[in-house]
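Colleague: Sharing a structure, written as structure tokens. Questions coming.
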Amino acid sequence: MNSVILTTTTRILLPILLLFSVYTLIRGHQEPGGGFVGGLVAGMAFALYTISNGVASARKIFPLSPTTFLIIGLTFALSSGLLSLFLGLPAFTGIWGTYEFPVIGYLSTPLVFDIGVYLVVFGVSSSIIFTLKLKE
Amino acid sequence: MEFLLAILIGGLFSAAIYMILRRSIIKLIIGLSFLAHAANLLIFTLGRVIRGKAPLIQEGSKHITETVADPLPQALILTAIVIGFGVTAFTIVLIQQVYQSVGVDDSDKLKASDQ
Amino acid sequence: MILENVILYFILPVLSISMLLIFIRVFKGPRLMDRVVALDLLVIVGIGSFSAYAILHNKEVFIDISLILALIAFLSTVAFTWYYVKGDIEKDKFDQR
Amino acid sequence: MITYFVIFFMVIGAVFILIASIGLLKMPDIYLRMSASTIAGTFGVASMLIAAAIHFFDLGIFLHVIGVIIFLILTVPIGAHLLARAAYIIHLPMWDKTMHDDLKGKYDNEKQGFKPLGKSAAKPKAKITDKQEN
Amino acid sequence: MKHLLENIFLAFIWLTLTMKFELTNFIFGFAAGFVILWFVNRKHPNEYRYIHFLPRLLSFLLLFLKEVVKGSIRIGYDIITPSHYMRPGIIAVPLDAKTDLEITLLANSITLTPGTTSIALSDDRAYLYVYNVYLDEDVQKSIDEIKNGLEKKLMEVLR
Amino acid sequence: MNAIVIAPIVFPLILGLITLTLWQNRKMQEIANVIGSAVMVLISILLMKMVLSDGILVTQAGNWPAPFGISIVADTFSAIMVVISSVMGLAIAIYSISSMKNGFVLSDMLQKRQQFGYYPLLNIMYMGINGAFLTGDLFNMYVWFEVLLISSFILLSLDGTKLQIEGTFKYVTINLLSSAFFLIGVGFLYSLTGTLNMADLAVKIPQVENQSMVTVISMFFLVSFGIKAAIFPLFFWLPSSYHTPPISISAIFAGMLTKVGVYSLIRVFTLIFITDVAYTHTIILWISALTMFVGVLGAASQYDMRRILSFHIISQIGYMIFGLALFTPLAIAGAVFYIMHHIIVKANLFLVAGLVKRVGGSYDIRKVGGLVNTYPFLAVMFLIPALSLAGIPPLSGFWSKFFVVKAALELQEYFLVFVALLVGLLTLYSMTKIWNEAFWKNNPEKIPAKELVAGLFSKQNIFMTIPIILLALITLSIGFNPEPFYQIADRAAHELMNPSIYINKVLGGAQ
Amino acid sequence: MLNIIFIGFLAAIAAPFIHKYLPKISGLLLTLVPLGIFVYLANMIAPVSKGEVLLLSYTWFPSMSVNINFVVDGLSLTFALIISGIGAIIVFYASGYLHGHKKLARFYGYLLFFMTSMLGVVMSDNILALFIFWELTSISSYLLIGFNHESERSRYAALQALLVTGGGGLALMAGLIIMGSVGGSYNISELLSQSSIIVGHSLYLPILILVLLGAFTKSAQFPFHFWLPNAMEAPTPVSAYLHSATMVKAGVFLLARLSPILSGTDVWHITLTVFGGITMLMGASMAIGQNDLKRILAYTTVSALGIMVFLIGLGGPYAITAAITFLVVHSMYKGGLFLVAGAIDHETGTRDIRILGGLKAHLPLIFLGAILAAFSYSGIPPFLGFVAKELIYETTAHFALHPIILTVVAVLTNMFLVATAIMVGVKPFFGKYLETPKHPHHAPLTLWLGPVLLGVLGLALGVVPSWISKGLISPSVDAIAQTEGIKLALWHGFTPILLLSLLTLAGGVGLYYLSDAIKRKQAFFDKLAAFGPEEGYKALLKGLVTFSSKQTNFFQNGYLRHYFYWILTTFMLLVLFTIYDKELYSFLKVDFSGIYFYEALLVIIMLLATYSAIRSKTVLSSVASVGVVGYGIALIFSFFSAPDLALTQFSIETLTVILLVLIVYKVPKFNDYSPVKNRRRDAVLSIAAGLTITLLVMLVLNMPAESSISSYFLENSYVKAHGRNVVNVILVDFRGLDTMGEITVLSLAAIGVYTLLRFRNGNKKSVEENMND
Ligand code: NA
Ligand code: NA
């Protein structure tokens with residue numbers, strides 16, 4: 001869209017929104033939010049950027065294809081679920097670290113799982129947007 | 001308030017079914033999305049609604065002692081919403097393909113696969 | 001207590017009436033653009049209601065919901081105008097829809 | 001005391017939002033309706049958010065509210081701008097009492113851009129009547 | 001910009017020192033930080049911009065706020081009374097603003113003000129077309145109002 | 001133990017991810033898929049062995065005690081389903097190698113399909129199918145349903161031909177309706193009982209004060225699962241869509257997908273909704289009769305092999321539901337046995353149809369002919385599943401029919417037995433119609449089929465032939481050695497008819 | 001015993017390969033299989049004639065008591081000897097008859113497969129095993145009738161035979177299962193002692209009807225007889241073997257086998273006698289109207305089967321002895337005559353008796369076989385046929401009820417049969433030689449050996465009937481009637497029965513000379529046939545296809561809304577009926593309390609939006625309404641303590657609306673397609689549905705809330721899962737598996753969108769051309 005006003009604003013907004021999405025993801029375990037909402041916000045930010053600035057410009061910022069995000073996300077989620085099997089516990093049993101990091105809290109498989117969810121949701125929404133935009 | 005929500009669910013359900021029975025493809029899809037809304041709202045309402053008591057454990061306490069909204073239906077609905085989104089996204093693209101193949105917004109033209 | 005009453009019996013009803021009015025515009029159109037503008041405003045009113053809600057229930061969660069709402073409103077507008085302008089040749093006919 | 005501040009800002013916000021909604025219903029053309037709705041987007045919502053900020057009076061929430069306000073400040077005008085621009089591009093009719101139009105004929109269909117004021121433009125398109133649908 | 005961050009940093013240090021994570025305390029810390037920064041940098045003209053930036057920003061914000069309130073009341077009045085006083089039209093405002101950021105901020109400020117909406121930027125970026133609900137009899141006067149008002153103040157903040 | 005129970009769900013996803021990563025590399029996907037499917041067969045057989053030796057296996061996902069977390073439960077019934085689904089998976093994996101490669105003789109378009117997610121979708125669909133079989137949680141079942149549905153949507157529409165798009169559209173919309181009913185039903189049940197775990201539901205439902213409400217809610221499940229199982233009069237999506245995709249997909253759909261609906265019907269109507277059997281199961285009984293009848297009649301006027309077979313699916317679903325409705329141990333065992341038999345046989349018939357199309361040039365039996373002379377081995381490979389489907393003894397289909405009919409006779413449901421037997425005869429009619437047309441009559445095209453393609457065991461066709469032989473051998477072994485298969489079905493029926501076994505295993509006496 | 005079955009099936013499978021690798025001697029080699037079995041069985045005559053009954057059991061499917069239990073008694077041995085003996089002859093004959101035929105290999109396979117199945121039928125003691133073999137004979141018969149499958153008539157006849165006998169088979173299955181459960185066993189040897197219980201049981205009549213349906217269809221009794229003449233499309237060896245000597249007798253065998261269990265009631269006797277009587281008379285009279293050798297023989301076979309059923313129906317030692325004797329002799333002469341017919345056809349190229357004549361000189365050995373068979377057939381002493389006919393008359397004449405009617409029917413039938421015997425066995429050989437499509441040469445050994453052997457055997461056994469009487473017929477009668485069998489004798493002295501025999505011969509010759517006149521009335525017969533059962537079969541089949549296509553056009557008519565209409569109506573009916581049946585509505589209570597103004601307004605707005613979505617004429621305005629509803633729901637979520645849901649719903653609704661706008665903006669305008677009537681109908685349905693759901697929701701809400709598993713989550717979310725946001729903890733921990741499935745769905749959706757848009761647009765045309773036909 002040939003609007004300088006729009007493109008300029010979206011460039012400013014993108015990092016803010018991505019930061020916000022990560023924030024939503026991380027605090028999700030304690031406050032409303034989580035991987036879904038975070039991923040959706042990131043996806044929307046990405047959609048906004050792609051629609052305003054075009055696919056080529058978006059590709060520059062996200063070197064990985066959306067499908068890669070998706071695969072990585074699924075792998076994260078799945079392996080976080082399967083880790084407990086190696087400890088003889090049922091699948092998807094939460095395993096918690098002992099050291100509490102600031103902001104993030106304990107490192108844990110549910111966190112990894114949530115990150116997986118985030119990546120998948122982000123990958124999916126951006127993939128759909130990409131596909132649709134490329135069709136233009 | 002539950003009464004109103006029950007009415008709303010019924011209304012959505014009615015509208016959904018009426019639209020599902022239309023020949024217009026897009027109305028059919030809208031009807032299905034209303035149906036999904038009705039289902040979500042139904043689960044939500046049946047989980048007993050309560051105002052301003054989100055199932056969040058206050059900082060400092062370990063449990064929730066007061067009456068709060070039932071978290072499980074919320075989790076279920078969230079799952080259903082997200083799944084619904086995936087399916088809807090696919091369906092919407094599918095409609096577009098249907099239009100490419102029949103050219104009009106009329107499900108009565110989709111008879112080839114039954115002949 | 002007074003704050004609660006003001007919100008419950010003044011602020012929220014006023015906002016609801018606003019929503020109703022806006023919705024009449026959505027319903028009336030006459031053009032698509034009118035509807036979009038109305039929906040945009042609807043979201044804005046939603047943000048307002050959430051501030052009221054945040055105060056009413058003393059939950060800052062609703063402020064976050066507002067933020068997402070704002071993002072949504074923006075995104076919808078961008079997407080909409082993008083495609084609205086794009087259908088160049090047919091745009092007049094298109095607008096009739 | 002703080003409560004009254006909160007109530008004040010809330011009421012101001014709500015009233016202006018109501019006014020904007022009435023304006024949306026009442027104004028004769030799309031541009032004027034948009035202009036009316038801007039009140040809600042800025043004055044109305046900002047007042048209400050400020051009320052919330054005052055109510056909580058907590059650093060985290062204050063930053064939150066500031067964040068939302070900044071976000072609104074960044075996005076609301078862009079939305080309005082884009083809509084107005086689109087409305088103009090597709091020749092949505094203006095109120096018949098519109099005084100002045102510097103933009104007339106400045107839109108270039110091919111390049112999808114707006115010519116500057118000085119350069120004379122191609123002939124403006126035929127007038128479009130605001131035919132009501134329904 | 002560096003100094004703004006510095007200022008905020010100082011405010012946070014203040015917060016940690018006092019161990020009172022409250023809004024008022026932050027504002028106090030910020031103000032104190034500002035004074036300290038002014039004090040430290042007052043002999044270095046190159047580093048002096050930030051110290052001017054804040055008052056200029058405040059001045060711009062005040063003008064902007066005034067415009068917003070004025071526009072809101074004006075349109076609001078128009079809406080709640082039965083008859084229309086509007087005199088709408090589109091004017092071309094010649095721009096001094098050059099960079100993307102400048103143009104964007106200006107256009108957004110204009111749009112945020114009830115009663116005016118920036119519709120389009122000319123391709124050569126020399127004109128901003130603005131929709132104005134209450135045009136003056138003399139169109140030029142309306143143009144000047146924007147140029148000498150919002151644009152001027154904004155340029156002072158940004159440059 | 002924990003790993004083996006959940007492996008049938010997790011492993012296909014891993015395989016799906018591997019094939020997804022190999023997105024553009026068709027060859028590698030093929031290899032990975034065949035090896036993976038073989039491993040899956042081993043996993044499922046191991047699961048079956050453990051279930052047979054140790055009884056019902058339960059793992060509580062997340063190590064949260066039932067009924068709070070999600071229980072994954074392998075009883076004999078679900079283990080049977082998992083084994084069959086993995087066998088089907090292997091058969092299709094092999095079949096896909098050639099059906100994809102030189103896809104349909106003249107076109108290489110289908111090669112592309114593999115670069116557009118055929119294998120990942122197939123594997124993830126298995127994840128959904130196995131999930132639906134193994135889950136002990138009603139909402140979790142909904143999730144698995146959605147997984148298998150959306151993958152089936154895409155598989156169905158993968159080539160995007162006009163017919164496929166139309167078929168997919170009907171399939172998708174009707175299934176969405178079904179999902180909504182399912183969800184609403186789950187919502188009601190949760191509200192009434194406060195739980196989602198099926199074992200826990202079985203405990204809580206009899207305690208619900210208003211039992212009539214439970215019966216009403218069971219109707220939601222009947223309709224929802226009924227749509228998925230394609231019972232009368234909810235089956236319409238099936239004949240509209242099953243004949244449109246390439247045959248390997250049709251086969252897996254015909255074999256497995258409708259059985260997921262049947263499985264769920266059997267599961268909930270033996271575990272959860274058993275408080276008003278006289279009402280609910282009588283309704284199911286009459287539905288089953290109509291399903292049998294309408295389905296088989298639908299086939300009589302068709303000439304496309306895939307459509308004939310599709311209509312027969314409906315009819316045979318009727319038989320399985322019939323078994324459920326009779327609700328005696330023998331009838332349930334019969335239904336389970338019927339499912340085992342039908343998945344293998346129906347999928348095989350579709351695969352044979354694919355070969356008929358390849359060597360005969362068409363699915364339309366009027367356009368094909370003389371195959372008994374040109375491809376006698378194919379004729380045998382057709383006759384085995386076809387006669388089995390028609391219930392000719394001692395093939396597997398005969399036993400299936402026998403159990404159900406015997407159970408019905410014991411309950412003195414004579415009219416329904418009449419319908420069932422009549423339907424059997426009409427099935428025989430349909431199968432001989434295909435045989436008469438495609439195999440016996442002279443080739444109407446006068447083009448010697450051999451010029452089109454080489455023999456069944458040529459390099460070109462061997463991968464299509466192997467799975468057909470494999471499945472035919474299974475059919476024969478069920479038919480000629482029914483005892484062990486019946487033992488397993490009977491064991492499954494025993495568990496289904498005595499829900500307390502299931503309940504105790506899942507809740508672990510914690511109730 | 002089991003090894004016989006095993007060897008038989010193995011030989012059937014191996015036959016095509018044997019023929020493929022040893023084409024010259026395959027016929028001989030394969031003849032050894034039935035011959036070997038015959039010899040093996042013949043060794044059992046001695047013990048059986050002493051009254052021994054061998055029972056052998058092989059466990060197969062114990063859970064269902066379906067076991068391969070064999071019984072070797074007179075009856076089964078007699079049948080088994082016929083099957084294997086004639087089987088050997090047929091295989092040998094076929095090697096000549098079908099010499100050089102390209103499908104001969106397959107033919108051997110089918111034939112041996114049939115033979116083994118048939119042996120299984122007659123030897124089984126377990127009725128379910130019997131049934132399984134029974135069905136296998138139907139299948140092999142189908143394959144054999146359709147052997148010349150290039151011809152449409154063959155395929156038609158094969159299908160007809162299969163459907164008729166298959167249908168009967170299904171009835172039989174039901175009958176046997178009921179009988180088994182009533183009698184408490186599936187073994188005939190055990191059921192024998194339960195006879196009185198079964199006969200006295202209320203289910204006796206259904207059992208009988210079902211079993212008779214099986215037997216009558218298989219043995220071509222009226223009104224199911226029509227498939228047999230059509231089955232003559234099969235190659236002649238098949239007709240000789242299956243459709244005269246063996247398979248069609250399976251029904252007779254079954255009746256004989258079960259008669260100790262089921263007989264003894266009026267309904268048994270009357271049904272069998274009446275249907276047998278009708279069949280025998282009808283078959284014989286219709287035979288005379290035919291010109292095709294094989295069709296004549298087919299109708300006489302129908303008649304002969306009628307006679308056997310008739311006799312079993314009459315019951316008693318005389319009748320049973322007559323039946324068994326007739327069965328044996330019929331197998332020999334009818335098998336022989338079929339082989340003769342085949343040989344004539346093979347040598348001359350025609351089977352039309354009108355153009356056959358004077359073949360005596362050209363085919364002397366065939367003539368020998370023919371004339372021997374015809375004599376036995378006509379009941380001329382000293383052939384075995386005479387013995388059988390005497391026995392029949394003896395039975396009817398001495399029967400307690402209506403002896404005269406019975407005898408008249410028997411005599412009349414036999415007169416017709418004598419006439420046809422002349423038509424088939426005499427007429428083609430005598431008189432002037434008529435030119436035929438092919439000039440007959442001397443028939444090879446393979447073709448003449450069979451008929452001659454059978455003819456000579458008929459003569460020999462007639463002369464010395466005690467050979468067969470003691471060894472086979474008496475034990476058979478023992479097995480059926482459980483009384484001492486009647487000793488067979490050629491000569492009974494000058495009795496009225498002998499007079500009847502002479503009368504029969506004279507009448508037969510007379511009828512033969514009248515046969516041309518009868519044939520001239522053919523048109524009349526044809527008209528009569530139009531009302532016959534075969535026309536009924538045709539009409540039924542046609543009706544089936546018509547009904548099927550009508551039904552499919554009705555149900556599966558391609559209109560998606562129609563499908564939805566059915567589904568939704570079904571749903572509504574089920575739910576409403578249940579509500580009505582259980583009187584659920586009586587629990588309804590309405591509670592208006594606790595409604596906030598703004599919430600009510602929101603609900604009203606949402607309802608308006610839904611209405612607007614229904615009414616709107618443009619796509620995007622309905623999309624806008626969808627948005628309103630979606631956001632409204634998000635608002636409800638946020639009002640009622642579900643912030644996570646609200647966040648998600650808002651985001652997803654936006655993405656959905658954007659997708660809708662992006663994709664469907666080129667959608668054409670809505671049209672109001674449906675007529676007002678339909679819209680009203682749909683409105684009624686949908687409003688009813690909505691009200692029902694509202695009612696149900698209200699009902700459930702009125703019920704006391706159960707304690708739910710959620711309390712566990714609230715209790716343990718922070719303590720055990722370290723999260724304060726319980727909803728999120730449920731999503732990623734308590735129910736992480738759900739979420740795993742959910743993100744999988746999402747990923748698939750992305751793949752789906754990608755595939756639909758990218759794959760399709762790449763290659764639209766070519767795929768379509770190749771995929772759809
Ligand atoms: Na006014
Ligand atoms: Na403005």
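Residue numbers start at 1 in each chain; chains themselves are named A, B, ... in the order of the structure tokens; ligands are numbered from 1 in the order shown.
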Compute the set of protein, DNA and RNA residues whose minimum atom distance to ligand 1 is at most 12 Å, using only C-alpha atoms and all ligand atoms, and state it as a list in words.
Modeller: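 Counting only what the definition allows, namely only C-alpha atoms and all ligand atoms, the set is Ile19, Ile22, Gly23, Lys26, Met27, Pro28 and Ala36 of chain D; Ile73, Arg74, Ile75, Gly76, Tyr77, Asp78, Ile79, Ile80, Thr81, Pro82, Ser83, His84, Tyr85, Met86 and Arg87 of chain E.
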Colleague: Export N, CA and C atoms of the chosen residues as a PDB file, in the first residue's frame?
Modeller:
```
ATOM      1  N   ILE D  19     -21.616  10.487  22.264  1.00  0.00           N
ATOM      2  CA  ILE D  19     -21.783  11.542  21.254  1.00  0.00           C
ATOM      3  C   ILE D  19     -21.247  11.070  19.906  1.00  0.00           C
ATOM      4  N   ILE D  22     -23.670   8.802  18.337  1.00  0.00           N
ATOM      5  CA  ILE D  22     -24.797   9.518  17.738  1.00  0.00           C
ATOM      6  C   ILE D  22     -24.351  10.152  16.424  1.00  0.00           C
ATOM      7  N   GLY D  23     -23.134  10.740  16.480  1.00  0.00           N
ATOM      8  CA  GLY D  23     -22.615  11.372  15.276  1.00  0.00           C
ATOM      9  C   GLY D  23     -22.497  10.378  14.135  1.00  0.00           C
ATOM     10  N   LYS D  26     -25.771  10.065  12.707  1.00  0.00           N
ATOM     11  CA  LYS D  26     -26.456  11.270  12.238  1.00  0.00           C
ATOM     12  C   LYS D  26     -25.770  11.935  11.047  1.00  0.00           C
ATOM     13  N   MET D  27     -24.445  11.870  11.019  1.00  0.00           N
ATOM     14  CA  MET D  27     -23.702  12.654  10.037  1.00  0.00           C
ATOM     15  C   MET D  27     -24.055  12.234   8.611  1.00  0.00           C
ATOM     16  N   PRO D  28     -24.064  13.178   7.702  1.00  0.00           N
ATOM     17  CA  PRO D  28     -24.611  12.909   6.365  1.00  0.00           C
ATOM     18  C   PRO D  28     -23.682  12.126   5.431  1.00  0.00           C
ATOM     19  N   ALA D  36     -16.595  12.254  13.161  1.00  0.00           N
ATOM     20  CA  ALA D  36     -17.303  12.155  14.437  1.00  0.00           C
ATOM     21  C   ALA D  36     -16.737  11.021  15.266  1.00  0.00           C
TER      22      ALA D  36
ATOM     23  N   ILE E  73     -15.325  19.085  21.438  1.00  0.00           N
ATOM     24  CA  ILE E  73     -16.495  19.837  21.894  1.00  0.00           C
ATOM     25  C   ILE E  73     -17.239  20.424  20.704  1.00  0.00           C
ATOM     26  N   ARG E  74     -16.495  20.863  19.732  1.00  0.00           N
ATOM     27  CA  ARG E  74     -17.119  21.498  18.576  1.00  0.00           C
ATOM     28  C   ARG E  74     -17.998  20.490  17.825  1.00  0.00           C
ATOM     29  N   ILE E  75     -17.407  19.371  17.552  1.00  0.00           N
ATOM     30  CA  ILE E  75     -18.196  18.372  16.814  1.00  0.00           C
ATOM     31  C   ILE E  75     -19.303  17.828  17.691  1.00  0.00           C
ATOM     32  N   GLY E  76     -18.959  17.606  18.954  1.00  0.00           N
ATOM     33  CA  GLY E  76     -19.959  17.095  19.889  1.00  0.00           C
ATOM     34  C   GLY E  76     -21.168  18.000  19.917  1.00  0.00           C
ATOM     35  N   TYR E  77     -20.917  19.253  19.983  1.00  0.00           N
ATOM     36  CA  TYR E  77     -22.020  20.215  19.999  1.00  0.00           C
ATOM     37  C   TYR E  77     -22.843  20.085  18.720  1.00  0.00           C
ATOM     38  N   ASP E  78     -22.130  20.000  17.639  1.00  0.00           N
ATOM     39  CA  ASP E  78     -22.802  19.875  16.345  1.00  0.00           C
ATOM     40  C   ASP E  78     -23.698  18.640  16.314  1.00  0.00           C
ATOM     41  N   ILE E  79     -23.192  17.612  16.950  1.00  0.00           N
ATOM     42  CA  ILE E  79     -23.935  16.347  16.895  1.00  0.00           C
ATOM     43  C   ILE E  79     -25.192  16.407  17.745  1.00  0.00           C
ATOM     44  N   ILE E  80     -25.042  16.944  18.952  1.00  0.00           N
ATOM     45  CA  ILE E  80     -26.208  16.869  19.829  1.00  0.00           C
ATOM     46  C   ILE E  80     -27.229  17.966  19.545  1.00  0.00           C
ATOM     47  N   THR E  81     -26.880  18.919  18.762  1.00  0.00           N
ATOM     48  CA  THR E  81     -27.898  19.907  18.362  1.00  0.00           C
ATOM     49  C   THR E  81     -28.465  19.490  17.016  1.00  0.00           C
ATOM     50  N   PRO E  82     -29.704  19.885  16.769  1.00  0.00           N
ATOM     51  CA  PRO E  82     -30.361  19.372  15.562  1.00  0.00           C
ATOM     52  C   PRO E  82     -29.776  19.877  14.237  1.00  0.00           C
ATOM     53  N   SER E  83     -29.324  21.129  14.187  1.00  0.00           N
ATOM     54  CA  SER E  83     -28.902  21.623  12.872  1.00  0.00           C
ATOM     55  C   SER E  83     -27.409  21.412  12.652  1.00  0.00           C
ATOM     56  N   HIS E  84     -26.970  21.469  11.393  1.00  0.00           N
ATOM     57  CA  HIS E  84     -25.564  21.243  11.050  1.00  0.00           C
ATOM     58  C   HIS E  84     -24.837  22.560  10.848  1.00  0.00           C
ATOM     59  N   TYR E  85     -23.679  22.714  11.475  1.00  0.00           N
ATOM     60  CA  TYR E  85     -22.842  23.906  11.242  1.00  0.00           C
ATOM     61  C   TYR E  85     -21.604  23.557  10.456  1.00  0.00           C
ATOM     62  N   MET E  86     -21.485  22.360   9.983  1.00  0.00           N
ATOM     63  CA  MET E  86     -20.236  21.931   9.370  1.00  0.00           C
ATOM     64  C   MET E  86     -20.019  22.654   8.046  1.00  0.00           C
ATOM     65  N   ARG E  87     -18.705  22.853   7.758  1.00  0.00           N
ATOM     66  CA  ARG E  87     -18.314  23.419   6.463  1.00  0.00           C
ATOM     67  C   ARG E  87     -17.155  22.561   5.972  1.00  0.00           C
TER      68      ARG E  87
END
```
Colleague: List as a list in words the protein and nucleic acid residues lying within 7 Å of ligand 2, with only C-alpha atoms and all ligand atoms counted.
Modeller: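 So, counting only C-alpha atoms and all ligand atoms, the residues near ligand 2 are Ser35 and Thr38 of chain D; Ile110, Thr111, Leu112, Thr113, Pro114, Gly115, Thr116 and Thr117 of chain E.
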Colleague: With C-alpha atoms retained, write the just-selected residues as a PDB file, in the first residue's frame.
Modeller:
```pdb
ATOM      1  CA  SER D  35     -14.660  12.654  11.803  1.00  0.00           C
ATOM      2  CA  THR D  38     -12.537  10.141  15.934  1.00  0.00           C
TER       3      THR D  38
ATOM      4  CA  ILE E 110      -3.784  15.874  12.404  1.00  0.00           C
ATOM      5  CA  THR E 111      -5.980  12.839  12.158  1.00  0.00           C
ATOM      6  CA  LEU E 112      -6.115  12.428  15.917  1.00  0.00           C
ATOM      7  CA  THR E 113      -7.505  15.896  16.238  1.00  0.00           C
ATOM      8  CA  PRO E 114     -11.250  15.642  15.901  1.00  0.00           C
ATOM      9  CA  GLY E 115     -12.396  17.631  12.925  1.00  0.00           C
ATOM     10  CA  THR E 116      -9.371  17.071  10.759  1.00  0.00           C
ATOM     11  CA  THR E 117      -8.258  13.965   8.913  1.00  0.00           C
TER      12      THR E 117
END
```
Colleague: Can you pull out the residues contacting D:Leu74? Cut-off 9 Å, using only C-alpha atoms, and skip same-chain residues under 3 positions away; I want them as a list of chain:residue names.
Modeller: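 After dropping sequence-adjacent residues, the list is A:Thr9, A:Leu13, D:Ile69, D:Ile70, D:Phe71, D:Pro77, D:Ile78, E:Leu105, E:Asn108.
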Colleague: Kindly export the residues of the current selection with C-alpha atoms, as a PDB file, in the first residue's frame.
Modeller:
```
ATOM      1  CA  THR A   9       3.940   3.070  11.537  1.00  0.00           C
ATOM      2  CA  LEU A  13       4.818  -1.294  15.606  1.00  0.00           C
TER       3      LEU A  13
ATOM      4  CA  ILE D  69      -2.680   4.776  24.871  1.00  0.00           C
ATOM      5  CA  ILE D  70       0.499   4.947  22.807  1.00  0.00           C
ATOM      6  CA  PHE D  71      -0.676   2.039  20.785  1.00  0.00           C
ATOM      7  CA  PRO D  77      -5.231   7.756  13.178  1.00  0.00           C
ATOM      8  CA  ILE D  78      -3.730   5.374  10.674  1.00  0.00           C
TER       9      ILE D  78
ATOM     10  CA  LEU E 105       3.760  11.895  13.151  1.00  0.00           C
ATOM     11  CA  ASN E 108      -1.283  11.196  12.709  1.00  0.00           C
TER      12      ASN E 108
END
```
Colleague: I'd like the contact shell of stretch 38-50 of chain C - 7 Å cut-off, only C-alpha atoms, skipping same-chain residues fewer than 3 positions apart - returned as JSON, numbers by chain.
Modeller: {"C": [12, 15, 19, 22, 25, 26, 34, 35, 53, 54, 62, 63, 66, 69, 73], "D": [17, 37, 41, 45, 48]}
Colleague: Would you mind listing, as a list in words, all residues of chain G that have at least one atom within 10 Å of chain D, where only C-alpha atoms are what counts?
Modeller: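 Close to chain D, chain G has Ser616, Lys617 and Thr618 of chain G.
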Colleague: If we count only C-alpha atoms, which residues of chain F reach to within 7 Å of chain G? Please list them as number ranges by chain.
Modeller: F: 62, 64, 68-70, 107, 109, 116, 140, 143-144, 146-147, 150-151, 154, 158-161, 170, 192-195, 212, 216, 219, 223, 233-234, 236, 297-298, 300-301, 362-363, 392-394, 406, 409, 421, 425, 436, 440-442, 482-483
Colleague: Which residues are close to stretch 77-84 of chain A, i.e. within 6 Å by only C-alpha atoms, leaving aside same-chain residues fewer than 4 positions away? Reply as a list in words.
Modeller: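 Surrounding residues, per the criterion: Leu89, Ala91, Phe92, Thr93, Thr109, Phe113 and Gly116 of chain A.
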Colleague: With only C-alpha atoms as the counted atoms, please give the residues lying no more than 8 Å from F:His342, apart from itself and same-chain residues fewer than 3 positions off, as a list in words.
Modeller: Gly255, Gln316, Tyr338, Ile339, Val345, Lys346, Ala347, Leu389 and Gly397 of chain F
Colleague: In terms of the shortest atom-to-atom distance over only C-alpha atoms, which of A:Ser108, A:Thr131, A:Gln30, A:Ser52 is closest to chain D?
Modeller: A:Ser52
